[in-house]
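Enquirer: Have a peek at final08.cif (mmCIF, C-alpha atoms (C1' of nucleotides)).
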```cif
data_upload
loop_
_atom_site.label_atom_id
_atom_site.label_comp_id
_atom_site.auth_asym_id
_atom_site.auth_seq_id
_atom_site.Cartn_x
_atom_site.Cartn_y
_atom_site.Cartn_z
CA MET F 1 -46.30 -170.61 2.33
CA ILE F 2 -43.50 -170.04 4.82
CA ALA F 3 -40.93 -167.26 4.80
CA LEU F 4 -37.52 -167.41 6.38
CA VAL F 5 -36.13 -163.99 7.24
CA ASP F 6 -32.40 -164.23 7.78
CA CYS F 7 -30.29 -161.27 8.92
CA ASN F 8 -27.18 -160.79 6.82
CA ASN F 9 -23.90 -161.21 8.73
CA PHE F 10 -25.96 -160.31 11.77
CA TYR F 11 -23.31 -159.53 14.38
CA VAL F 12 -21.28 -157.51 11.91
CA SER F 13 -24.39 -155.64 10.80
CA CYS F 14 -25.12 -154.76 14.45
CA GLU F 15 -21.63 -153.36 14.94
CA ARG F 16 -21.83 -151.35 11.74
CA LEU F 17 -25.03 -149.64 12.84
CA PHE F 18 -22.98 -147.68 15.33
CA ALA F 19 -19.81 -147.46 13.26
CA PRO F 20 -21.10 -146.47 9.83
CA GLU F 21 -17.58 -145.74 8.68
CA LEU F 22 -17.14 -149.52 8.52
CA LYS F 23 -19.67 -149.88 5.72
CA ASN F 24 -18.07 -151.72 2.80
CA LYS F 25 -15.02 -152.49 4.96
CA PRO F 26 -13.85 -155.93 6.10
CA VAL F 27 -15.21 -156.53 9.60
CA VAL F 28 -15.32 -159.62 11.83
CA VAL F 29 -16.80 -160.40 15.22
CA LEU F 30 -14.89 -162.71 17.54
CA SER F 31 -16.27 -165.39 19.84
CA ASN F 32 -16.24 -165.13 23.61
CA ASN F 33 -12.75 -164.76 24.95
CA ASP F 34 -11.75 -163.28 21.57
CA GLY F 35 -11.06 -166.85 20.55
CA CYS F 36 -12.12 -167.23 16.95
CA VAL F 37 -14.04 -165.56 14.14
CA ILE F 38 -17.80 -166.16 14.35
CA ALA F 39 -19.18 -163.50 11.98
CA ARG F 40 -17.73 -161.89 8.86
CA SER F 41 -18.76 -159.10 6.56
CA ASP F 42 -18.83 -159.88 2.84
CA GLU F 43 -15.59 -157.93 2.46
CA ALA F 44 -13.94 -160.04 5.17
CA LYS F 45 -15.07 -163.17 3.34
CA GLU F 46 -13.52 -161.80 0.17
CA LEU F 47 -10.29 -161.19 2.06
CA GLY F 48 -10.24 -164.93 2.65
CA VAL F 49 -11.09 -164.91 6.35
CA LYS F 50 -12.71 -168.27 7.03
CA MET F 51 -15.46 -168.97 9.54
CA GLY F 52 -14.12 -170.23 12.83
CA VAL F 53 -10.46 -169.41 12.31
CA SER F 54 -8.51 -168.52 15.44
CA ALA F 55 -8.10 -164.87 16.25
CA PHE F 56 -4.32 -165.11 16.06
CA GLU F 57 -4.60 -166.17 12.44
CA VAL F 58 -6.14 -162.81 11.53
CA LYS F 59 -4.04 -160.81 13.99
CA ASP F 60 -1.77 -159.44 11.29
CA LEU F 61 -4.70 -158.25 9.21
CA VAL F 62 -6.20 -156.54 12.24
CA GLN F 63 -2.99 -154.88 13.33
CA SER F 64 -2.25 -153.58 9.87
CA GLY F 65 -5.71 -152.01 9.80
CA LYS F 66 -6.95 -154.09 6.89
CA LEU F 67 -9.53 -155.82 9.04
CA GLN F 68 -11.66 -154.47 11.86
CA ALA F 69 -12.40 -156.92 14.69
CA PHE F 70 -14.93 -156.72 17.52
CA SER F 71 -15.39 -158.81 20.64
CA SER F 72 -18.89 -160.26 20.76
CA ASN F 73 -21.42 -157.99 22.41
CA TYR F 74 -24.44 -160.19 23.08
CA VAL F 75 -26.34 -157.52 24.97
CA LEU F 76 -26.33 -155.37 21.83
CA TYR F 77 -27.11 -158.23 19.43
CA GLY F 78 -29.90 -159.57 21.64
CA ASP F 79 -31.59 -156.19 21.82
CA LEU F 80 -31.37 -155.59 18.08
CA SER F 81 -32.65 -159.10 17.45
CA ASN F 82 -35.73 -158.30 19.55
CA ARG F 83 -36.31 -155.17 17.50
CA VAL F 84 -36.15 -157.16 14.27
CA VAL F 85 -38.73 -159.63 15.63
CA GLN F 86 -40.92 -156.73 16.74
CA THR F 87 -40.88 -155.39 13.21
CA LEU F 88 -41.59 -158.80 11.69
CA SER F 89 -44.63 -159.22 13.91
CA GLN F 90 -46.38 -156.59 11.79
CA PHE F 91 -46.29 -159.01 8.87
CA SER F 92 -47.58 -162.25 10.38
CA ASN F 93 -49.34 -163.43 13.51
CA GLU F 94 -47.43 -166.69 13.31
CA ILE F 95 -43.73 -166.21 13.88
CA GLU F 96 -41.15 -168.70 15.05
CA VAL F 97 -38.04 -167.01 16.38
CA TYR F 98 -35.64 -169.70 15.32
CA SER F 99 -32.38 -168.11 16.38
CA ILE F 100 -30.90 -164.73 17.19
CA ASP F 101 -30.85 -163.83 13.49
CA GLU F 102 -33.53 -165.97 11.83
CA SER F 103 -37.30 -166.14 12.02
CA PHE F 104 -39.91 -168.18 10.18
CA LEU F 105 -43.17 -166.44 9.27
CA ASN F 106 -46.35 -168.16 8.21
CA LEU F 107 -47.51 -166.26 5.12
CA GLN F 108 -50.67 -168.25 4.54
CA GLY F 109 -53.18 -166.22 2.55
CA VAL F 110 -50.71 -163.71 1.13
CA SER F 111 -51.31 -163.34 -2.60
CA ASP F 112 -48.34 -161.38 -3.95
CA LEU F 113 -45.54 -163.14 -2.11
CA GLU F 114 -42.67 -161.43 -3.88
CA ASN F 115 -43.99 -157.97 -3.18
CA TYR F 116 -44.76 -158.92 0.43
CA ALA F 117 -41.28 -160.32 0.99
CA ILE F 118 -39.75 -157.14 -0.39
CA GLN F 119 -41.93 -155.10 1.96
CA ILE F 120 -40.78 -157.18 4.94
CA ARG F 121 -37.18 -156.67 4.04
CA THR F 122 -37.54 -152.95 3.42
CA LYS F 123 -39.40 -152.41 6.68
CA VAL F 124 -36.84 -154.28 8.78
CA ARG F 125 -34.07 -152.27 7.17
CA GLN F 126 -35.92 -149.04 7.77
CA CYS F 127 -36.87 -149.73 11.41
CA THR F 128 -33.71 -151.45 12.64
CA GLY F 129 -31.00 -150.81 10.06
CA ILE F 130 -30.38 -154.54 9.72
CA PRO F 131 -30.15 -155.98 6.19
CA THR F 132 -31.93 -159.29 5.64
CA CYS F 133 -32.67 -161.91 3.03
CA VAL F 134 -36.08 -163.49 2.68
CA GLY F 135 -36.78 -166.94 1.25
CA VAL F 136 -40.34 -168.14 0.66
CA ALA F 137 -41.44 -171.71 -0.04
CA SER F 138 -43.95 -174.36 0.98
CA THR F 139 -41.72 -175.92 3.66
CA LYS F 140 -39.20 -174.64 6.17
CA THR F 141 -36.33 -176.56 4.60
CA LEU F 142 -37.10 -175.12 1.16
CA ALA F 143 -37.51 -171.62 2.65
CA LYS F 144 -34.02 -171.95 4.13
CA ILE F 145 -32.67 -172.91 0.75
CA ALA F 146 -34.53 -170.03 -0.90
CA SER F 147 -33.08 -167.43 1.48
CA ARG F 148 -29.59 -168.80 1.00
CA TYR F 149 -30.13 -168.62 -2.75
CA ALA F 150 -31.31 -165.02 -2.44
CA LYS F 151 -28.20 -164.17 -0.43
CA LYS F 152 -25.86 -165.74 -2.97
CA ASN F 153 -27.51 -164.83 -6.24
CA HIS F 154 -29.93 -161.96 -5.73
CA LYS F 155 -28.28 -159.75 -3.19
CA GLU F 156 -29.91 -156.57 -4.55
CA THR F 157 -33.50 -157.64 -3.99
CA GLY F 158 -32.58 -160.10 -1.22
CA VAL F 159 -35.70 -162.11 -1.89
CA TRP F 160 -36.39 -165.45 -3.56
CA ILE F 161 -39.71 -167.22 -3.94
CA LEU F 162 -39.99 -170.95 -4.67
CA ASP F 163 -43.52 -171.10 -5.99
CA THR F 164 -43.23 -173.30 -9.10
CA PRO F 165 -41.78 -176.79 -9.64
CA GLU F 166 -39.38 -175.37 -12.22
CA LYS F 167 -37.96 -172.78 -9.84
CA ILE F 168 -37.66 -175.36 -7.09
CA GLU F 169 -35.74 -177.77 -9.29
CA GLN F 170 -33.45 -175.05 -10.57
CA VAL F 171 -32.56 -173.91 -7.06
CA LEU F 172 -32.17 -177.46 -5.73
CA ARG F 173 -29.73 -178.18 -8.53
CA ALA F 174 -27.76 -175.09 -7.54
CA THR F 175 -27.62 -176.07 -3.86
CA PRO F 176 -24.61 -178.13 -2.72
CA ILE F 177 -25.54 -181.10 -0.56
CA GLU F 178 -23.83 -179.68 2.51
CA ASP F 179 -26.00 -176.57 2.36
CA ILE F 180 -29.19 -178.47 3.09
CA TRP F 181 -30.54 -177.63 6.53
CA GLY F 182 -29.84 -180.76 8.57
CA VAL F 183 -26.87 -181.99 6.57
CA GLY F 184 -23.69 -181.46 8.53
CA ARG F 185 -20.17 -182.53 7.77
CA ARG F 186 -20.70 -186.23 8.43
CA TYR F 187 -23.83 -186.62 6.37
CA ALA F 188 -22.38 -184.52 3.53
CA LYS F 189 -19.39 -186.84 3.35
CA MET F 190 -21.56 -189.92 3.45
CA LEU F 191 -23.93 -188.64 0.76
CA GLU F 192 -21.09 -187.58 -1.50
CA ALA F 193 -19.68 -191.07 -1.17
CA TYR F 194 -22.95 -192.19 -2.76
CA ASN F 195 -22.59 -189.64 -5.56
CA MET F 196 -25.04 -187.10 -4.26
CA TYR F 197 -23.62 -183.63 -4.68
CA THR F 198 -26.65 -181.34 -4.79
CA ALA F 199 -29.94 -181.03 -2.97
CA PHE F 200 -31.59 -182.14 -6.20
CA ASP F 201 -29.62 -185.41 -6.20
CA PHE F 202 -30.84 -186.05 -2.68
CA THR F 203 -34.50 -185.56 -3.62
CA GLN F 204 -34.11 -188.30 -6.26
CA THR F 205 -33.03 -190.84 -3.66
CA ASN F 206 -35.05 -193.78 -2.44
CA GLU F 207 -36.93 -192.99 0.75
CA HIS F 208 -36.19 -196.34 2.45
CA TRP F 209 -32.50 -195.94 1.84
CA VAL F 210 -32.60 -192.50 3.44
CA ARG F 211 -34.55 -193.81 6.39
CA ALA F 212 -32.02 -196.60 6.94
CA LYS F 213 -28.97 -194.34 6.58
CA MET F 214 -30.15 -191.14 8.21
CA SER F 215 -33.06 -192.17 10.43
CA VAL F 216 -36.33 -190.35 10.55
CA VAL F 217 -34.44 -187.05 10.55
CA GLY F 218 -33.19 -187.67 7.03
CA GLN F 219 -36.57 -188.88 5.91
CA ARG F 220 -38.15 -185.63 7.06
CA MET F 221 -35.51 -183.66 5.15
CA LEU F 222 -36.34 -185.62 2.03
CA TYR F 223 -40.07 -184.93 2.37
CA GLU F 224 -39.49 -181.27 3.10
CA LEU F 225 -37.30 -180.88 0.01
CA ARG F 226 -40.01 -182.55 -2.06
CA GLY F 227 -42.42 -179.90 -0.80
CA ILE F 228 -44.24 -181.98 1.81
CA PRO F 229 -44.15 -180.13 5.15
CA CYS F 230 -42.92 -182.14 8.14
CA LEU F 231 -41.80 -179.26 10.30
CA SER F 232 -44.34 -176.77 11.56
CA VAL F 233 -43.80 -173.15 12.48
CA ASP F 234 -43.51 -173.31 16.28
CA LEU F 235 -45.03 -170.23 17.80
CA VAL F 236 -44.30 -170.73 21.47
CA ASN F 237 -40.87 -170.89 23.00
CA GLU F 238 -40.78 -174.15 24.87
CA PRO F 239 -38.90 -173.95 28.14
CA LYS F 240 -35.35 -175.27 27.89
CA LYS F 241 -34.71 -178.84 28.99
CA ASN F 242 -31.06 -178.20 29.81
CA ILE F 243 -29.44 -174.93 30.75
CA CYS F 244 -25.69 -174.52 30.51
CA THR F 245 -23.39 -171.69 31.50
CA SER F 246 -19.74 -172.21 30.74
CA ARG F 247 -16.75 -170.14 29.77
CA SER F 248 -13.14 -170.41 28.84
CA PHE F 249 -10.98 -168.31 31.10
CA GLY F 250 -8.95 -165.32 29.94
CA THR F 251 -5.98 -166.82 31.75
CA MET F 252 -5.51 -170.34 33.04
CA LEU F 253 -6.62 -170.89 36.64
CA THR F 254 -4.41 -172.91 38.93
CA GLN F 255 -6.01 -172.14 42.31
CA TYR F 256 -9.22 -173.44 43.82
CA GLY F 257 -10.35 -169.97 44.92
CA PRO F 258 -10.82 -168.27 41.55
CA LEU F 259 -12.16 -171.49 40.04
CA SER F 260 -14.82 -171.70 42.74
CA GLU F 261 -15.77 -168.07 42.14
CA ALA F 262 -16.16 -168.79 38.44
CA VAL F 263 -18.27 -171.87 39.10
CA SER F 264 -20.40 -169.88 41.58
CA ASN F 265 -21.08 -167.27 38.92
CA PHE F 266 -21.95 -169.92 36.32
CA ALA F 267 -24.29 -171.57 38.84
CA ALA F 268 -25.93 -168.22 39.64
CA ALA F 269 -26.42 -167.59 35.92
CA CYS F 270 -28.05 -171.02 35.50
CA ALA F 271 -30.34 -170.36 38.48
CA PHE F 272 -31.34 -167.01 37.01
CA LYS F 273 -32.13 -168.57 33.63
CA LEU F 274 -34.23 -171.19 35.42
CA ARG F 275 -36.24 -168.57 37.28
CA LYS F 276 -36.67 -166.56 34.11
CA GLN F 277 -38.42 -169.47 32.40
CA LYS F 278 -40.29 -170.34 35.63
CA SER F 279 -38.63 -173.72 36.02
CA VAL F 280 -36.77 -175.68 38.64
CA ALA F 281 -34.04 -178.26 38.10
CA ASN F 282 -33.38 -181.63 39.68
CA TYR F 283 -29.71 -182.01 38.76
CA VAL F 284 -26.65 -179.79 38.90
CA HIS F 285 -23.78 -180.88 36.72
CA VAL F 286 -20.31 -179.34 37.03
CA PHE F 287 -17.32 -179.82 34.77
CA VAL F 288 -13.76 -178.53 34.63
CA THR F 289 -11.14 -179.01 31.95
CA THR F 290 -7.58 -178.08 31.16
CA ASN F 291 -6.70 -176.81 27.70
CA PRO F 292 -7.07 -179.81 25.38
CA PHE F 293 -5.13 -177.98 22.66
CA SER F 294 -1.94 -177.57 24.61
CA LYS F 295 0.18 -180.57 23.80
CA HIS F 296 2.71 -180.26 26.58
CA GLU F 297 0.56 -179.62 29.62
CA LYS F 298 -0.89 -182.35 31.82
CA GLN F 299 -4.50 -182.88 30.83
CA TYR F 300 -7.46 -183.28 33.14
CA PHE F 301 -11.17 -183.38 32.51
CA ASN F 302 -13.78 -184.30 35.02
CA SER F 303 -17.42 -183.77 35.72
CA ILE F 304 -19.97 -184.74 38.31
CA THR F 305 -23.75 -184.64 38.64
CA ILE F 306 -25.35 -183.73 41.94
CA THR F 307 -28.97 -184.71 42.51
CA LEU F 308 -30.89 -182.12 44.50
CA PRO F 309 -33.20 -183.39 47.25
CA VAL F 310 -35.91 -181.15 45.81
CA ALA F 311 -35.98 -179.47 42.41
CA ASP F 312 -34.92 -175.86 42.87
CA SER F 313 -33.99 -172.61 41.18
CA ASP F 314 -32.64 -170.78 44.23
CA SER F 315 -29.21 -169.33 43.45
CA ARG F 316 -27.96 -170.30 46.89
CA VAL F 317 -28.97 -173.93 46.44
CA ILE F 318 -27.59 -174.20 42.92
CA ILE F 319 -24.31 -172.52 43.94
CA LYS F 320 -23.93 -174.65 47.06
CA ASN F 321 -24.37 -177.88 45.11
CA ALA F 322 -22.19 -176.74 42.23
CA LEU F 323 -19.41 -176.00 44.72
CA LEU F 324 -19.96 -179.37 46.38
CA GLY F 325 -19.47 -180.95 42.97
CA LEU F 326 -16.41 -178.85 42.23
CA SER F 327 -14.77 -179.80 45.54
CA LYS F 328 -15.11 -183.46 44.54
CA ILE F 329 -13.60 -183.16 41.09
CA TYR F 330 -10.98 -180.48 41.68
CA ARG F 331 -7.37 -181.66 41.63
CA ASP F 332 -4.34 -179.57 42.45
CA GLY F 333 -1.57 -179.11 39.96
CA PHE F 334 -3.48 -178.47 36.75
CA LYS F 335 -3.98 -175.35 34.67
CA TYR F 336 -7.72 -175.05 34.24
CA LYS F 337 -8.90 -173.47 31.00
CA LYS F 338 -12.64 -173.83 31.21
CA ALA F 339 -15.45 -174.79 33.55
CA GLY F 340 -19.19 -174.89 33.40
CA VAL F 341 -22.43 -175.66 35.16
CA ILE F 342 -25.39 -177.44 33.56
CA VAL F 343 -28.77 -177.76 35.23
CA SER F 344 -31.08 -180.50 33.97
CA GLY F 345 -34.11 -182.52 34.95
CA ILE F 346 -36.00 -179.30 34.44
CA VAL F 347 -39.68 -179.09 35.35
CA PRO F 348 -42.13 -176.19 35.69
CA GLU F 349 -41.77 -174.52 39.07
CA ASP F 350 -45.40 -175.16 40.02
CA GLU F 351 -45.33 -178.86 39.19
CA TYR F 352 -42.29 -180.17 40.94
CA GLN F 353 -42.24 -183.22 43.15
CA LEU F 354 -41.71 -182.57 46.84
CA ALA F 355 -39.27 -184.78 48.68
CA LEU F 356 -40.98 -187.21 50.97
CA PHE F 357 -39.49 -185.95 54.20
CA SER F 358 -38.61 -182.39 53.31
CA PRO F 359 -40.50 -179.50 54.85
CA ASN F 360 -42.95 -177.50 52.81
CA PRO F 361 -41.55 -175.43 49.98
CA ASN F 362 -39.75 -172.46 51.34
CA ASN F 363 -41.76 -169.50 50.17
CA ASN F 364 -39.42 -167.10 51.89
CA ALA F 365 -36.57 -168.40 49.75
CA ARG F 366 -38.57 -167.66 46.60
CA LYS F 367 -39.26 -164.16 47.82
CA VAL F 368 -35.55 -163.58 48.39
CA MET F 369 -34.81 -164.61 44.81
CA GLU F 370 -37.59 -162.38 43.47
CA VAL F 371 -36.11 -159.42 45.28
CA LEU F 372 -32.62 -160.32 44.08
CA ASP F 373 -33.81 -160.52 40.46
CA ALA F 374 -35.80 -157.29 40.74
CA ILE F 375 -32.80 -155.38 42.07
CA ASN F 376 -30.43 -156.82 39.50
CA HIS F 377 -32.88 -156.05 36.74
CA SER F 378 -33.53 -152.43 37.69
CA ASN F 379 -30.04 -151.58 38.78
CA GLY F 380 -28.04 -152.72 35.79
CA ARG F 381 -27.26 -156.37 35.61
CA ASN F 382 -25.83 -158.38 38.48
CA LYS F 383 -24.94 -155.68 40.95
CA LEU F 384 -26.22 -157.80 43.80
CA LYS F 385 -24.33 -161.02 44.27
CA LEU F 386 -23.92 -163.84 46.71
CA ALA F 387 -20.64 -163.92 48.56
CA ALA F 388 -19.42 -167.08 46.82
CA GLN F 389 -19.51 -165.28 43.49
CA GLY F 390 -16.72 -163.01 44.63
CA PHE F 391 -15.55 -159.77 43.11
CA ASP F 392 -12.07 -160.61 41.87
CA ARG F 393 -13.16 -161.96 38.52
CA THR F 394 -9.65 -163.17 37.82
CA TRP F 395 -11.39 -165.81 35.71
CA LYS F 396 -13.09 -163.28 33.48
CA LEU F 397 -12.92 -163.70 29.78
CA LYS F 398 -10.99 -161.66 27.36
CA ASN F 399 -12.88 -159.11 25.31
CA GLU F 400 -10.50 -156.41 24.33
CA ARG F 401 -12.47 -155.18 21.36
CA LEU F 402 -15.87 -154.76 22.90
CA SER F 403 -18.23 -152.13 21.53
CA GLN F 404 -20.66 -150.25 23.73
CA ARG F 405 -24.11 -151.48 24.71
CA TYR F 406 -25.56 -148.58 22.73
CA THR F 407 -29.20 -149.57 22.86
CA THR F 408 -29.64 -150.80 26.42
CA ARG F 409 -27.48 -148.60 28.67
CA PHE F 410 -27.82 -144.87 29.15
CA ASP F 411 -24.16 -144.54 30.04
CA GLU F 412 -23.12 -146.22 26.80
CA LEU F 413 -25.18 -144.25 24.29
CA LEU F 414 -23.62 -143.31 20.99
CA VAL F 415 -22.00 -139.89 21.25
CA ILE F 416 -21.93 -137.66 18.20
CA ASN F 417 -19.72 -134.60 18.04
CA ILE F 418 -21.15 -131.77 15.96
"C1'" DT Z 1 1.11 -168.19 23.24
"C1'" DC Z 2 -3.84 -167.95 20.96
"C1'" DT Z 3 -8.81 -172.64 19.23
"C1'" DG Z 4 -16.76 -170.05 21.70
"C1'" DG Z 5 -21.03 -171.10 23.84
"C1'" DG Z 6 -25.55 -173.02 24.12
"C1'" DG Z 7 -28.81 -175.83 22.54
"C1'" DT Z 8 -32.00 -179.89 20.02
"C1'" DC Z 9 -33.45 -184.53 18.46
"C1'" DC Z 10 -32.81 -189.52 17.63
"C1'" DT Z 11 -31.17 -194.21 18.50
"C1'" DA Z 12 -29.28 -198.13 20.79
"C1'" DG Z 13 -28.71 -200.63 24.69
"C1'" DG Z 14 -29.13 -201.65 29.57
"C1'" DA Z 15 -32.00 -201.91 33.70
"C1'" DC Z 16 -36.13 -202.99 35.22
"C1'" DC Z 17 -41.17 -204.30 35.31
"C1'" DC Z 18 -45.11 -207.66 34.94
"C1'" DT W 1 -30.08 -229.22 28.84
"C1'" DC W 2 -33.86 -226.37 29.02
"C1'" DT W 3 -34.35 -220.61 29.66
"C1'" DG W 4 -40.96 -215.87 26.97
"C1'" DG W 5 -42.84 -211.81 25.50
"C1'" DG W 6 -43.80 -207.24 25.72
"C1'" DG W 7 -43.20 -203.14 27.63
"C1'" DT W 8 -41.10 -198.43 29.87
"C1'" DC W 9 -37.52 -195.48 31.42
"C1'" DC W 10 -33.01 -193.73 31.39
"C1'" DT W 11 -28.50 -192.61 29.58
"C1'" DA W 12 -24.68 -192.10 26.46
"C1'" DG W 13 -23.34 -190.99 22.18
"C1'" DG W 14 -23.88 -189.20 17.64
"C1'" DA W 15 -25.78 -186.17 14.49
"C1'" DC W 16 -27.20 -181.57 13.79
"C1'" DC W 17 -28.30 -176.26 14.44
"C1'" DC W 18 -26.98 -171.10 15.12
#
```
Any chance you could give the structure as structure tokens?
Expert:
Amino acid sequence: MIALVDCNNFYVSCERLFAPELKNKPVVVLSNNDGCVIARSDEAKELGVKMGVSAFEVKDLVQSGKLQAFSSNYVLYGDLSNRVVQTLSQFSNEIEVYSIDESFLNLQGVSDLENYAIQIRTKVRQCTGIPTCVGVASTKTLAKIASRYAKKNHKETGVWILDTPEKIEQVLRATPIEDIWGVGRRYAKMLEAYNMYTAFDFTQTNEHWVRAKMSVVGQRMLYELRGIPCLSVDLVNEPKKNICTSRSFGTMLTQYGPLSEAVSNFAAACAFKLRKQKSVANYVHVFVTTNPFSKHEKQYFNSITITLPVADSDSRVIIKNALLGLSKIYRDGFKYKKAGVIVSGIVPEDEYQLALFSPNPNNNARKVMEVLDAINHSNGRNKLKLAAQGFDRTWKLKNERLSQRYTTRFDELLVINI
DNA sequence: TCTGGGGTCCTAGGACCC
DNA sequence: TCTGGGGTCCTAGGACCC
């Protein structure tokens, strides 16, 4: 059997750990740039705050004190997420960290599943303060459905076990089609057009029809819902095949200078992520865009892919090529809202193909990057930069409601007055 | 006035190979 | 006028996830 452990309103729960006065109060966490709502407490949901609404739509609620809003604080959430996984590792040797707030655990051999799931939940709460829901079933897709069912219908225990055909059917009948893992807006609409409204309806459908309409992805969903596992618990984190760093700007950029600083920083971040997973990339892709939402401004979007002579992860090389790309696609006279760098064609750093006529790999360059990473790691993040990255940060994003990095920075510890 | 960021997998179709 | 068969690789686009 497989358990899905899902943290409840994870970002909000993280913020509440250090602001206990917000317990039972409506709280939301905003996206980067304080753009839109990406996490809501139950109370905020009850207030009618929808997922993904723009920050300005809840501005009145926030200003009148009815709703508390935070900028997203990924350093804090990432650290707490690691602590949750640490705790979970006591309960299974086989864990797949599926996302920042969800993990699958292989519970093969556990006899009293309900009791075990309750123990998991209690322990995570005790060790990290984060509330969770646990769903247990024979497949990942059913475990997802079970945890969602626990969250909706059994909030007190926070646990639901799908261990009999009767329980499975009952829960499938109670699950709307769009809540199946793998059914997004398009598929939900399509399936409803064929009179399928619940997960149960879907399981009654002909397999060949599903295959034709939804490819092998849909077929796997069907099998999984019928209790036949198609998706395994993946224990190792495969290295990323694409790495992207992009941001919207706090204010529109109209000059090449700040835009190039932003792109340099995005490129440096991509290079760092590459080195962290011990990879090198063959392509550097740069894009810039104006604000597609503003009706009256001139619109411009462009992107370019630069092929590196040799796959690399050196910040200087990635920045240089990203800037080369930017210089080719930049046009004067636009208000740029967002830019980004994507590195792709990623291969392990010890397996890359040397260029035919290039000199031997530059070991000195690798050393320089190792030193750079070591200093930036020990000295608080990103103190040491390359000149192109600049220090103006006029492009920086908006986060006016940022909480402290309580768990990872000594100078931002929680202070208690007694 | 305001609208996130970072990923994955699958398929179809074109280019190219023998 | 006739014009094979069987592959691989790559990319763009569409669907999805959190």
Enquirer: Kindly assemble as CSV a list of the chain F residues that lie within 9 Å of chain W, each paired with its nearest atom pair and their distance in Å to one decimal, using only C-alpha atoms (C1' of nucleotides), sorted first by chain and then by ascending residue number.
Expert:
```
residue,atom,partner,partner_atom,distance
F:Tyr98,CA,W:DC18,C1',8.8
F:Ser99,CA,W:DC18,C1',6.3
F:Ile100,CA,W:DC18,C1',7.8
F:Asp101,CA,W:DC18,C1',8.4
F:Glu102,CA,W:DC18,C1',8.9
F:Trp181,CA,W:DC17,C1',8.3
F:Gly182,CA,W:DC16,C1',5.9
F:Val183,CA,W:DC16,C1',7.2
F:Gly184,CA,W:DC16,C1',6.3
F:Arg186,CA,W:DA15,C1',7.9
F:Tyr187,CA,W:DA15,C1',8.4
```
Enquirer: Apply the PyMOL selection byres ((chain F and resi 104) around 8) to the structure shown and report the selected residues as a PyMOL selection string.
Expert: chain F and resi 2-5+95-98+102-103+105-106+140+233
Enquirer: So what do you get for atom CA of F:Gly250 versus atom CA of F:Lys398, distance-wise?
Expert: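 Answer for the atom CA of F:Gly250 to atom CA of F:Lys398 separation: 4.9 Å.
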Enquirer: Report as a PyMOL selection string all protein, DNA and RNA residues lying within 12 Å of F:Glu400, evaluated on all atoms listed in the file, omitting residues in the same chain fewer than 5 positions from it.
Expert: chain F and resi 29-35+55+69-73+250
Enquirer: Find the spatial neighbours of F:Asn9, counting only C-alpha atoms (C1' of nucleotides), within a cut-off of 12 Å - ignore same-chain residues fewer than 6 positions away - and output them as JSON, numbers by chain.
Expert: {"F": [15, 16, 26, 27, 28, 29, 38, 39, 40, 41, 42, 43, 44, 45, 51, 77, 100, 101, 102, 130, 131, 132, 133, 151]}
Enquirer: In Å to one decimal, how far is atom CA of F:Gly109 from atom CA of F:Arg220?
Expert: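 Interatomic distance here is 25.0 Å.
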Enquirer: Find the distance between atom CA of F:His285 and atom CA of F:Ile346 and write it in Å to one decimal.
Expert: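 Here the two named atoms are 12.5 Å from each other.
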Enquirer: Since the input lacks some atoms of stretch 239-248 of chain F, please model N, CA and C atoms and print them as a PDB file, keeping the file's coordinate frame.
Expert:
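Saved result, rebuild_8.pdb, follows:
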```
ATOM      1  N   PRO F 239     -39.969-174.126  27.162  1.00  0.00           N
ATOM      2  CA  PRO F 239     -38.900-173.950  28.140  1.00  0.00           C
ATOM      3  C   PRO F 239     -37.738-174.902  27.853  1.00  0.00           C
ATOM      4  N   LYS F 240     -36.551-174.455  28.150  1.00  0.00           N
ATOM      5  CA  LYS F 240     -35.350-175.270  27.890  1.00  0.00           C
ATOM      6  C   LYS F 240     -35.329-176.502  28.782  1.00  0.00           C
ATOM      7  N   LYS F 241     -34.798-177.592  28.241  1.00  0.00           N
ATOM      8  CA  LYS F 241     -34.710-178.840  28.990  1.00  0.00           C
ATOM      9  C   LYS F 241     -33.361-178.984  29.693  1.00  0.00           C
ATOM     10  N   ASN F 242     -32.378-178.273  29.165  1.00  0.00           N
ATOM     11  CA  ASN F 242     -31.060-178.200  29.810  1.00  0.00           C
ATOM     12  C   ASN F 242     -30.639-176.742  29.759  1.00  0.00           C
ATOM     13  N   ILE F 243     -29.958-176.289  30.781  1.00  0.00           N
ATOM     14  CA  ILE F 243     -29.440-174.930  30.750  1.00  0.00           C
ATOM     15  C   ILE F 243     -27.981-174.998  31.140  1.00  0.00           C
ATOM     16  N   CYS F 244     -27.139-174.426  30.302  1.00  0.00           N
ATOM     17  CA  CYS F 244     -25.690-174.520  30.510  1.00  0.00           C
ATOM     18  C   CYS F 244     -25.088-173.121  30.571  1.00  0.00           C
ATOM     19  N   THR F 245     -24.191-172.906  31.499  1.00  0.00           N
ATOM     20  CA  THR F 245     -23.390-171.690  31.500  1.00  0.00           C
ATOM     21  C   THR F 245     -21.948-172.105  31.655  1.00  0.00           C
ATOM     22  N   SER F 246     -21.145-171.830  30.666  1.00  0.00           N
ATOM     23  CA  SER F 246     -19.740-172.210  30.740  1.00  0.00           C
ATOM     24  C   SER F 246     -18.894-171.188  30.010  1.00  0.00           C
ATOM     25  N   ARG F 247     -17.662-171.083  30.406  1.00  0.00           N
ATOM     26  CA  ARG F 247     -16.750-170.140  29.770  1.00  0.00           C
ATOM     27  C   ARG F 247     -15.324-170.698  29.778  1.00  0.00           C
ATOM     28  N   SER F 248     -14.586-170.279  28.764  1.00  0.00           N
ATOM     29  CA  SER F 248     -13.140-170.410  28.840  1.00  0.00           C
ATOM     30  C   SER F 248     -12.617-169.223  29.632  1.00  0.00           C
TER      31      SER F 248
END
```
